[in-house]
file start_38.txt (compact mmCIF, C-alpha atoms)
# COMPACT_ATOMS: atom_id res chain seq x y z
CA MET A 8 -29.01 -48.24 6.04
CA ASN A 9 -25.97 -48.91 3.93
CA GLU A 10 -27.70 -47.10 1.12
CA GLU A 11 -27.63 -43.78 3.00
CA ILE A 12 -23.90 -43.70 3.33
CA PRO A 13 -22.04 -41.44 3.02
CA ASP A 14 -24.64 -38.68 2.92
CA GLY A 15 -25.45 -39.08 6.60
CA LEU A 16 -21.88 -38.83 7.78
CA ALA A 17 -22.13 -35.62 9.77
CA ASP A 18 -22.85 -37.33 13.09
CA SER A 19 -20.23 -40.09 12.79
CA PRO A 20 -16.55 -40.41 13.57
CA ARG A 21 -14.46 -39.23 10.69
CA MET A 22 -13.10 -41.88 8.36
CA THR A 23 -9.62 -40.55 8.94
CA VAL A 24 -9.95 -41.37 12.66
CA LEU A 25 -11.40 -44.81 11.90
CA LEU A 26 -8.53 -45.57 9.55
CA ARG A 27 -6.01 -44.72 12.22
CA ASP A 28 -7.86 -46.74 14.87
CA ALA A 29 -8.30 -49.74 12.59
CA ARG A 30 -4.59 -49.71 11.83
CA THR A 31 -3.75 -49.80 15.49
CA GLY A 32 -5.81 -52.94 15.85
CA ARG A 33 -9.17 -51.67 17.09
CA SER A 34 -11.59 -54.11 15.60
CA ALA A 35 -14.62 -51.96 16.36
CA ALA A 36 -13.13 -49.24 14.18
CA PHE A 37 -12.44 -51.80 11.50
CA ASP A 38 -16.06 -52.95 11.53
CA VAL A 39 -17.45 -49.44 11.18
CA LEU A 40 -14.93 -48.67 8.46
CA PHE A 41 -15.86 -51.84 6.61
CA GLU A 42 -19.59 -51.10 6.81
CA ARG A 43 -19.14 -47.60 5.43
CA LEU A 44 -16.82 -48.63 2.65
CA TYR A 45 -19.06 -51.52 1.75
CA GLY A 46 -22.17 -49.33 1.66
CA GLU A 47 -20.45 -46.64 -0.37
CA LEU A 48 -18.95 -49.01 -2.94
CA HIS A 49 -22.19 -50.90 -3.30
CA ALA A 50 -24.16 -47.69 -3.79
CA LEU A 51 -21.61 -46.32 -6.26
CA ALA A 52 -21.75 -49.53 -8.29
CA HIS A 53 -25.52 -49.18 -8.57
CA LYS A 54 -25.25 -45.52 -9.47
CA GLN A 55 -22.75 -46.35 -12.14
CA ARG A 56 -25.14 -48.91 -13.52
CA VAL A 57 -27.98 -46.41 -13.62
CA ARG A 58 -25.71 -43.96 -15.43
CA GLY A 59 -25.58 -46.59 -18.15
CA GLY A 60 -23.52 -49.53 -16.92
CA LYS A 61 -21.44 -50.40 -19.89
CA PRO A 62 -21.57 -53.91 -21.32
CA ASP A 63 -17.84 -54.26 -20.66
CA GLY A 64 -18.38 -54.05 -16.94
CA ILE A 65 -18.06 -51.57 -14.11
CA ASN A 66 -14.47 -50.85 -13.34
CA THR A 67 -13.75 -51.50 -9.67
CA THR A 68 -10.68 -49.25 -9.64
CA MET A 69 -12.88 -46.37 -10.62
CA LEU A 70 -15.36 -47.20 -7.85
CA VAL A 71 -12.60 -47.24 -5.24
CA ASN A 72 -11.23 -43.92 -6.49
CA GLU A 73 -14.68 -42.38 -6.59
CA ALA A 74 -15.37 -43.57 -3.05
CA PHE A 75 -12.19 -41.88 -1.85
CA LEU A 76 -13.14 -38.61 -3.52
CA ARG A 77 -16.62 -38.69 -2.04
CA PHE A 78 -15.36 -39.29 1.48
CA ALA A 79 -12.70 -36.62 1.00
CA GLY A 80 -15.31 -34.22 -0.35
CA ALA A 81 -17.41 -34.79 2.77
CA GLY A 82 -14.41 -33.85 4.92
CA GLN A 83 -14.10 -37.44 6.09
CA LEU A 84 -10.68 -38.16 4.65
CA VAL A 85 -7.59 -36.15 3.80
CA ALA A 86 -5.22 -36.74 0.91
CA ALA A 87 -2.68 -38.42 3.17
CA ASP A 88 -5.22 -41.12 4.07
CA ARG A 89 -5.40 -42.42 0.54
CA GLN A 90 -2.47 -44.76 1.04
CA HIS A 91 -4.15 -46.67 3.86
CA PHE A 92 -7.64 -46.23 2.52
CA LEU A 93 -6.88 -48.39 -0.53
CA ALA A 94 -6.25 -51.61 1.38
CA TYR A 95 -9.51 -51.32 3.33
CA ALA A 96 -11.47 -50.30 0.27
CA ALA A 97 -10.14 -53.31 -1.66
CA ASN A 98 -11.27 -55.61 1.13
CA ALA A 99 -14.77 -54.12 1.02
CA MET A 100 -14.78 -54.29 -2.80
CA ARG A 101 -14.14 -58.01 -2.60
CA SER A 102 -17.09 -58.36 -0.30
CA VAL A 103 -19.40 -56.37 -2.54
CA ILE A 104 -18.53 -58.54 -5.53
CA VAL A 105 -18.80 -61.80 -3.61
CA ASP A 106 -22.18 -60.89 -2.14
CA ILE A 107 -23.62 -59.89 -5.50
CA LEU A 108 -22.39 -63.12 -7.07
CA ARG A 109 -23.65 -65.28 -4.23
CA ALA A 110 -27.06 -63.67 -4.21
CA GLU A 111 -27.47 -64.10 -7.90
CA ASN A 112 -26.07 -67.62 -7.77
CA ALA A 113 -28.52 -68.65 -5.08
CA HIS A 114 -31.44 -67.21 -6.97
CA LYS A 115 -30.51 -68.69 -10.30
CA ARG A 116 -29.51 -72.11 -9.04
CA GLY A 117 -31.57 -74.72 -10.82
CA SER A 118 -33.40 -72.19 -12.92
CA GLY A 119 -31.36 -73.07 -15.98
CA ASP A 120 -30.26 -69.52 -16.58
CA ARG A 121 -26.97 -68.76 -18.24
CA ALA A 122 -23.83 -69.34 -16.23
CA LEU A 123 -22.55 -66.35 -14.31
CA THR A 124 -19.85 -64.40 -16.01
CA LEU A 125 -17.75 -61.53 -14.91
CA ASN A 126 -15.99 -59.21 -17.25
CA THR A 127 -12.56 -57.88 -16.67
CA ASN A 128 -11.54 -54.26 -16.87
CA ILE A 129 -9.50 -55.01 -19.95
CA ALA A 130 -11.46 -56.04 -23.01
CA GLU A 131 -8.87 -58.31 -24.63
CA GLN A 132 -8.39 -60.41 -21.50
CA VAL A 133 -10.21 -63.66 -20.95
CA PRO A 134 -12.93 -62.91 -18.38
CA THR A 135 -13.00 -64.62 -15.02
CA SER A 136 -16.31 -66.39 -14.49
CA GLY A 137 -18.43 -65.56 -11.48
CA GLY A 138 -17.97 -69.13 -10.27
CA GLU A 139 -14.23 -68.81 -10.53
CA ALA A 140 -14.30 -65.48 -8.70
CA LEU A 141 -16.19 -67.14 -5.86
CA ARG A 142 -13.70 -70.00 -5.73
CA ILE A 143 -10.86 -67.49 -5.60
CA HIS A 144 -12.62 -65.80 -2.71
CA GLU A 145 -12.89 -69.13 -0.89
CA ALA A 146 -9.25 -70.05 -1.53
CA LEU A 147 -8.30 -66.66 -0.09
CA LEU A 148 -9.88 -67.70 3.20
CA ASP A 149 -7.24 -70.46 3.36
CA LEU A 150 -4.46 -68.20 2.17
CA ALA A 151 -5.32 -65.83 5.01
CA LYS A 152 -4.26 -68.55 7.45
CA ILE A 153 -0.80 -68.66 5.88
CA ASP A 154 -0.10 -65.02 5.07
CA PRO A 155 -2.76 -62.30 5.38
CA GLN A 156 -0.61 -59.82 3.47
CA LEU A 157 -0.79 -61.99 0.36
CA VAL A 158 -4.59 -61.81 0.63
CA GLN A 159 -4.45 -58.02 0.83
CA ILE A 160 -2.36 -57.95 -2.32
CA VAL A 161 -4.86 -60.15 -4.19
CA GLU A 162 -7.74 -57.97 -3.00
CA MET A 163 -5.98 -54.81 -4.11
CA ARG A 164 -4.78 -56.13 -7.43
CA PHE A 165 -7.52 -58.49 -8.55
CA PHE A 166 -10.65 -57.20 -6.82
CA ALA A 167 -9.79 -53.49 -6.87
CA GLY A 168 -7.53 -53.29 -9.93
CA LEU A 169 -4.77 -51.30 -8.23
CA THR A 170 -1.23 -51.17 -9.59
CA ASP A 171 1.82 -52.72 -7.93
CA ALA A 172 3.07 -49.19 -7.24
CA GLU A 173 -0.17 -48.22 -5.45
CA ILE A 174 -0.16 -51.46 -3.49
CA ALA A 175 3.48 -50.99 -2.51
CA GLU A 176 2.80 -47.50 -1.23
CA SER A 177 -0.29 -48.57 0.64
CA LEU A 178 1.33 -51.52 2.38
CA GLU A 179 4.67 -49.75 2.82
CA ILE A 180 6.69 -52.41 1.03
CA SER A 181 8.71 -52.26 -2.19
CA PRO A 182 7.04 -52.86 -5.59
CA ARG A 183 9.45 -55.74 -6.03
CA THR A 184 8.14 -57.37 -2.86
CA VAL A 185 4.57 -56.76 -4.00
CA HIS A 186 5.31 -58.61 -7.22
CA ARG A 187 6.99 -61.51 -5.44
CA HIS A 188 4.05 -61.84 -3.05
CA TRP A 189 1.64 -61.64 -5.96
CA GLN A 190 3.44 -64.50 -7.70
CA LYS A 191 3.23 -66.67 -4.56
CA ALA A 192 -0.46 -65.88 -4.05
CA ARG A 193 -1.24 -66.59 -7.69
CA LEU A 194 0.56 -69.96 -7.50
CA PHE A 195 -1.42 -70.85 -4.40
CA LEU A 196 -4.74 -69.85 -5.97
CA TYR A 197 -3.96 -71.65 -9.19
CA ALA A 198 -3.14 -74.81 -7.28
CA GLN A 199 -6.33 -74.57 -5.23
CA LEU A 200 -8.47 -74.04 -8.30
CA ASN A 201 -6.73 -76.79 -10.28
CA GLU A 202 -6.04 -79.31 -7.59
CA ASP A 203 -4.50 -81.89 -9.94
CA ASP A 204 -1.59 -79.56 -10.46
CA HIS A 205 -0.57 -79.63 -6.85
CA SER A 206 -0.24 -82.93 -5.08
CA MET B 16 -21.49 -84.65 7.09
CA GLY B 17 -22.29 -88.05 8.57
CA TRP B 18 -19.91 -90.90 9.16
CA ARG B 19 -18.85 -92.63 6.04
CA ALA B 20 -18.26 -96.36 5.61
CA PHE B 21 -14.93 -97.92 6.49
CA ASP B 22 -12.28 -96.37 4.36
CA GLU B 23 -8.98 -94.63 4.77
CA ASN B 24 -10.74 -91.87 6.62
CA PHE B 25 -11.24 -94.14 9.57
CA VAL B 26 -8.45 -95.20 11.87
CA LEU B 27 -8.42 -97.22 15.04
CA ASN B 28 -7.98 -95.22 18.16
CA GLY B 29 -4.90 -96.74 19.84
CA ASN B 30 -6.19 -96.30 23.39
CA ASN B 31 -9.59 -97.75 22.89
CA SER B 32 -9.99 -100.47 20.32
CA THR B 33 -13.76 -100.06 20.24
CA ALA B 34 -13.64 -96.42 19.31
CA LEU B 35 -13.18 -95.34 15.75
CA CYS B 36 -12.35 -91.85 14.82
CA ARG B 37 -12.13 -90.26 11.48
CA THR B 38 -8.88 -88.60 10.58
CA ASP B 39 -9.62 -84.96 10.94
CA PRO B 40 -9.91 -83.20 7.59
CA GLN B 41 -9.04 -79.99 9.40
CA LYS B 42 -5.74 -81.60 10.27
CA ASN B 43 -5.03 -82.37 6.63
CA MET B 44 -5.83 -78.80 5.80
CA LYS B 45 -3.46 -77.68 8.53
CA ALA B 46 -0.69 -79.85 7.12
CA MET B 47 -1.37 -78.51 3.65
CA LEU B 48 -1.20 -74.92 4.86
CA GLY B 49 1.97 -75.63 6.85
CA GLU B 50 3.57 -77.04 3.74
CA TRP B 51 2.66 -73.96 1.74
CA GLN B 52 4.18 -71.80 4.42
CA GLU B 53 7.50 -73.57 3.97
CA VAL B 54 7.20 -73.44 0.20
CA PHE B 55 6.48 -69.71 0.32
CA ALA B 56 9.62 -69.11 2.38
CA LEU B 57 11.69 -70.98 -0.20
CA LEU B 58 9.95 -69.18 -3.07
CA ASP B 59 10.92 -65.87 -1.49
CA THR B 60 14.52 -66.80 -2.12
CA ALA B 61 13.96 -68.44 -5.50
CA LEU B 62 11.90 -65.60 -6.99
CA GLU B 63 14.54 -63.06 -6.04
CA LEU B 64 17.13 -64.95 -8.09
CA PRO B 65 17.57 -64.30 -11.81
CA PRO B 66 15.68 -67.12 -13.61
CA GLY B 67 18.96 -68.50 -14.97
CA GLU B 68 20.25 -69.18 -11.46
CA ARG B 69 17.20 -70.97 -10.10
CA ALA B 70 18.04 -74.47 -11.34
CA ALA B 71 21.41 -74.39 -9.62
CA TRP B 72 19.79 -73.09 -6.45
CA LEU B 73 17.28 -75.95 -6.54
CA GLN B 74 20.07 -78.50 -6.92
CA GLY B 75 21.86 -76.98 -3.97
CA LEU B 76 18.91 -77.37 -1.57
CA SER B 77 19.78 -79.54 1.39
CA GLY B 78 18.29 -80.78 4.63
CA SER B 79 14.54 -80.46 5.06
CA SER B 80 14.34 -77.96 2.18
CA ALA B 81 15.48 -80.66 -0.25
CA GLU B 82 12.13 -82.41 0.25
CA PHE B 83 10.46 -79.58 -1.62
CA LYS B 84 12.77 -79.71 -4.64
CA THR B 85 10.31 -81.34 -7.04
CA GLN B 86 7.44 -79.23 -5.87
CA LEU B 87 9.46 -76.03 -6.18
CA GLU B 88 10.64 -76.99 -9.62
CA ARG B 89 7.04 -77.48 -10.72
CA LEU B 90 5.89 -74.24 -9.10
CA LEU B 91 8.65 -72.18 -10.68
CA ALA B 92 7.76 -73.59 -14.10
CA GLN B 93 4.08 -72.91 -13.39
CA ASN B 94 4.93 -69.37 -12.35
CA ALA B 95 6.68 -68.73 -15.64
CA ARG B 96 3.56 -69.91 -17.49
CA LEU B 97 1.25 -67.82 -15.31
CA GLU B 98 3.31 -64.68 -15.93
CA THR B 99 2.23 -64.74 -19.57
CA GLY B 100 -1.14 -66.48 -19.17
CA ASP B 101 -4.69 -65.32 -18.55
CA PHE B 102 -5.17 -66.53 -14.98
CA LEU B 103 -5.88 -63.46 -12.80
CA ALA B 104 -4.19 -61.40 -15.51
CA ALA B 105 -6.84 -58.69 -15.47
CA PRO B 106 -8.69 -57.22 -12.52
CA LEU B 107 -12.35 -58.06 -12.10
CA ALA B 108 -15.05 -55.71 -13.21
CA ILE B 109 -18.64 -55.90 -12.06
CA ASP B 110 -20.96 -56.95 -14.82
CA ALA B 111 -23.82 -54.45 -14.92
CA THR B 112 -26.30 -57.29 -15.41
CA HIS B 113 -25.53 -58.55 -11.91
CA LEU B 114 -26.51 -55.22 -10.46
CA ILE B 115 -29.70 -55.01 -12.50
CA PHE B 116 -30.56 -58.45 -11.19
CA CYS B 117 -29.70 -57.50 -7.61
CA GLN B 118 -32.02 -54.53 -7.80
CA GLN B 119 -34.83 -56.48 -9.43
CA ILE B 120 -35.09 -58.95 -6.60
CA GLY B 121 -34.34 -56.32 -3.98
CA ILE B 122 -31.19 -57.89 -2.60
CA ARG B 123 -29.57 -56.07 0.24
CA CYS B 124 -26.04 -57.39 0.18
CA SER B 125 -24.90 -56.79 3.70
CA ALA B 126 -22.78 -59.78 4.66
CA GLY B 127 -19.09 -59.12 5.07
CA VAL B 128 -15.91 -61.00 4.34
CA PRO B 129 -14.42 -62.12 7.64

call {"tool": "encode", "arguments": {"input": "start_38.txt", "output": "structure tokens"}}
result
Amino acid sequence: MNEEIPDGLADSPRMTVLLRDARTGRSAAFDVLFERLYGELHALAHKQRVRGGKPDGINTTMLVNEAFLRFAGAGQLVAADRQHFLAYAANAMRSVIVDILRAENAHKRGSGDRALTLNTNIAEQVPTSGGEALRIHEALLDLAKIDPQLVQIVEMRFFAGLTDAEIAESLEISPRTVHRHWQKARLFLYAQLNEDDHS
Amino acid sequence: MGWRAFDENFVLNGNNSTALCRTDPQKNMKAMLGEWQEVFALLDTALELPPGERAAWLQGLSGSSAEFKTQLERLLAQNARLETGDFLAAPLAIDATHLIFCQQIGIRCSAGVP
């Protein structure tokens, strides 16, 4: 049913309403929002692949932007929603990536296939392996217990490739604060992934 | 998941000498997270300072904050290395081969991140 989204949106509450409700703490709205974003991002990733998924990877930033445009085009979102949309979309993007990696991991385990790799959006950068991406996801579950906003920043920056300026606008904090939070989150994740460094 | 042999994970229960209970790993995790919370609060101050002033700030830490001096020193040095390193430097991209694979075996990825 995820696959049908967002073409069958006519009968459903508008995304703009869900965004507002989710922000005021209505978890039911959050769940519906998550499902739709997840379905849309997942479907867009597949479409992108069919269009000739490039060997250098499918850019998640582009998927998030495309999802916004599609919802906006369907009259589900207005331009002013973009700010808040980004944080929720980044959360769903993380989920899409984690689920794909887990599914493949489970299937390939023991089969002797090549190790999972993930490309980055930027060709010159050292890619993060699929295994590392999953460990980052797991460490984020712990980070969420300390400071959920740091998790949002990692989702937006690392999983959705958004800029500090976009993140700042979305979370209504200064870019300087975004960068400071990012540095703390990165230190935490590095320590969790390299436990010898933090005793 | 079962009980392991006598080791540091087992302690005597003070109220009942016959009962043994394992120190709760959740509790260790809680302590670890609590420590990070304090470290983050101190890093908020440290990271706002110009790098040249951080050493003096560290030396000036007193009271319970002073306990974190060594750790903070290490983290600030680590942070400087990470700023120019590869770790999380670039956003993830989805490798198209994962999606091809997903489709081949008909995965419906529907689980969510809590």

call {"tool": "atom_distance", "arguments": {"input": "start_38.txt", "atom1": "atom CA of Ala95 of chain B", "atom2": "atom CA of Ala70 of chain B"}}
result
13.4 Å

call {"tool": "closest_residue", "arguments": {"input": "start_38.txt", "among": "A:Arg101, A:His188, A:Arg164, A:Arg193", "to": "Leu141 of chain A", "atoms": "all atoms listed in the file"}}
result
A:Arg101

call {"tool": "atom_distance", "arguments": {"input": "start_38.txt", "atom1": "atom CA of Asp38 of chain A", "atom2": "atom CA of Leu70 of chain A"}}
result
20.2 Å

call {"tool": "residues_around", "arguments": {"input": "start_38.txt", "residues": "segment 18-29 of chain A", "least_positions_apart": "3", "cutoff": "8 Å", "atoms": "all atoms listed in the file", "output": "list in words"}}
result
Gly15, Gly32, Arg33, Ser34, Ala35, Ala36, Phe37, Val39, Leu40, Phe78, Gly82, Gln83, Leu84, Val85, Asp88, His91 and Phe92 of chain A

call {"tool": "atom_distance", "arguments": {"input": "start_38.txt", "atom1": "atom CA of Thr85 of chain B", "atom2": "atom CA of Asn43 of chain B"}}
result
20.6 Å

call {"tool": "closest_residue", "arguments": {"input": "start_38.txt", "among": "B:Gln52, B:Thr99, B:Thr60, B:Ser80", "to": "chain A", "atoms": "only C-alpha atoms"}}
result
B:Gln52

call {"tool": "closest_residue", "arguments": {"input": "start_38.txt", "among": "A:Tyr45, A:Leu157, A:Ala81, A:Phe75", "to": "Val105 of chain A", "atoms": "only C-alpha atoms"}}
result
A:Tyr45

call {"tool": "closest_residue", "arguments": {"input": "start_38.txt", "among": "A:His186, A:His53, A:Arg43, A:Arg77", "to": "chain B", "atoms": "only C-alpha atoms"}}
result
A:His53

call {"tool": "axis_aligned_box", "arguments": {"input": "start_38.txt", "around": "segment 67-72 of chain B", "padding_each_side": "8 Å", "output": "lines of an AutoDock Vina configuration file"}}
result
center_x = 19.3
center_y = -71.5
center_z = -10.7
size_x = 20.2
size_y = 22.0
size_z = 24.5

call {"tool": "closest_residue", "arguments": {"input": "start_38.txt", "among": "B:Pro65, B:Asp101, B:Asp59, B:Leu48", "to": "Gln190 of chain A", "atoms": "all atoms listed in the file"}}
result
B:Asp59

call {"tool": "residues_around", "arguments": {"input": "start_38.txt", "residues": "Phe102 of chain B", "least_positions_apart": "3", "cutoff": "12 Å", "atoms": "all atoms listed in the file", "output": "list in words"}}
result
Thr127, Gln132, Val133, Pro134, Thr135, Ser136, Glu139, Ala140, Ile143, Phe165, Gln190, Ala192, Arg193, Leu194, Leu196, Tyr197, Ala198, Leu200 and Asn201 of chain A; Gln93, Asn94, Arg96, Leu97, Glu98, Thr99, Ala105, Pro106 and Leu107 of chain B

call {"tool": "closest_residue", "arguments": {"input": "start_38.txt", "among": "A:Gly138, A:Gly168, A:Gly46, A:Gly80", "to": "chain B", "atoms": "all atoms listed in the file"}}
result
A:Gly168

call {"tool": "residues_around", "arguments": {"input": "start_38.txt", "residues": "Ile153 of chain A", "least_positions_apart": "4", "cutoff": "10 Å", "atoms": "all atoms listed in the file", "output": "VMD selection string"}}
result
(chain A and resid 147 to 149 157 to 158) or (chain B and resid 45 48 to 53 55)
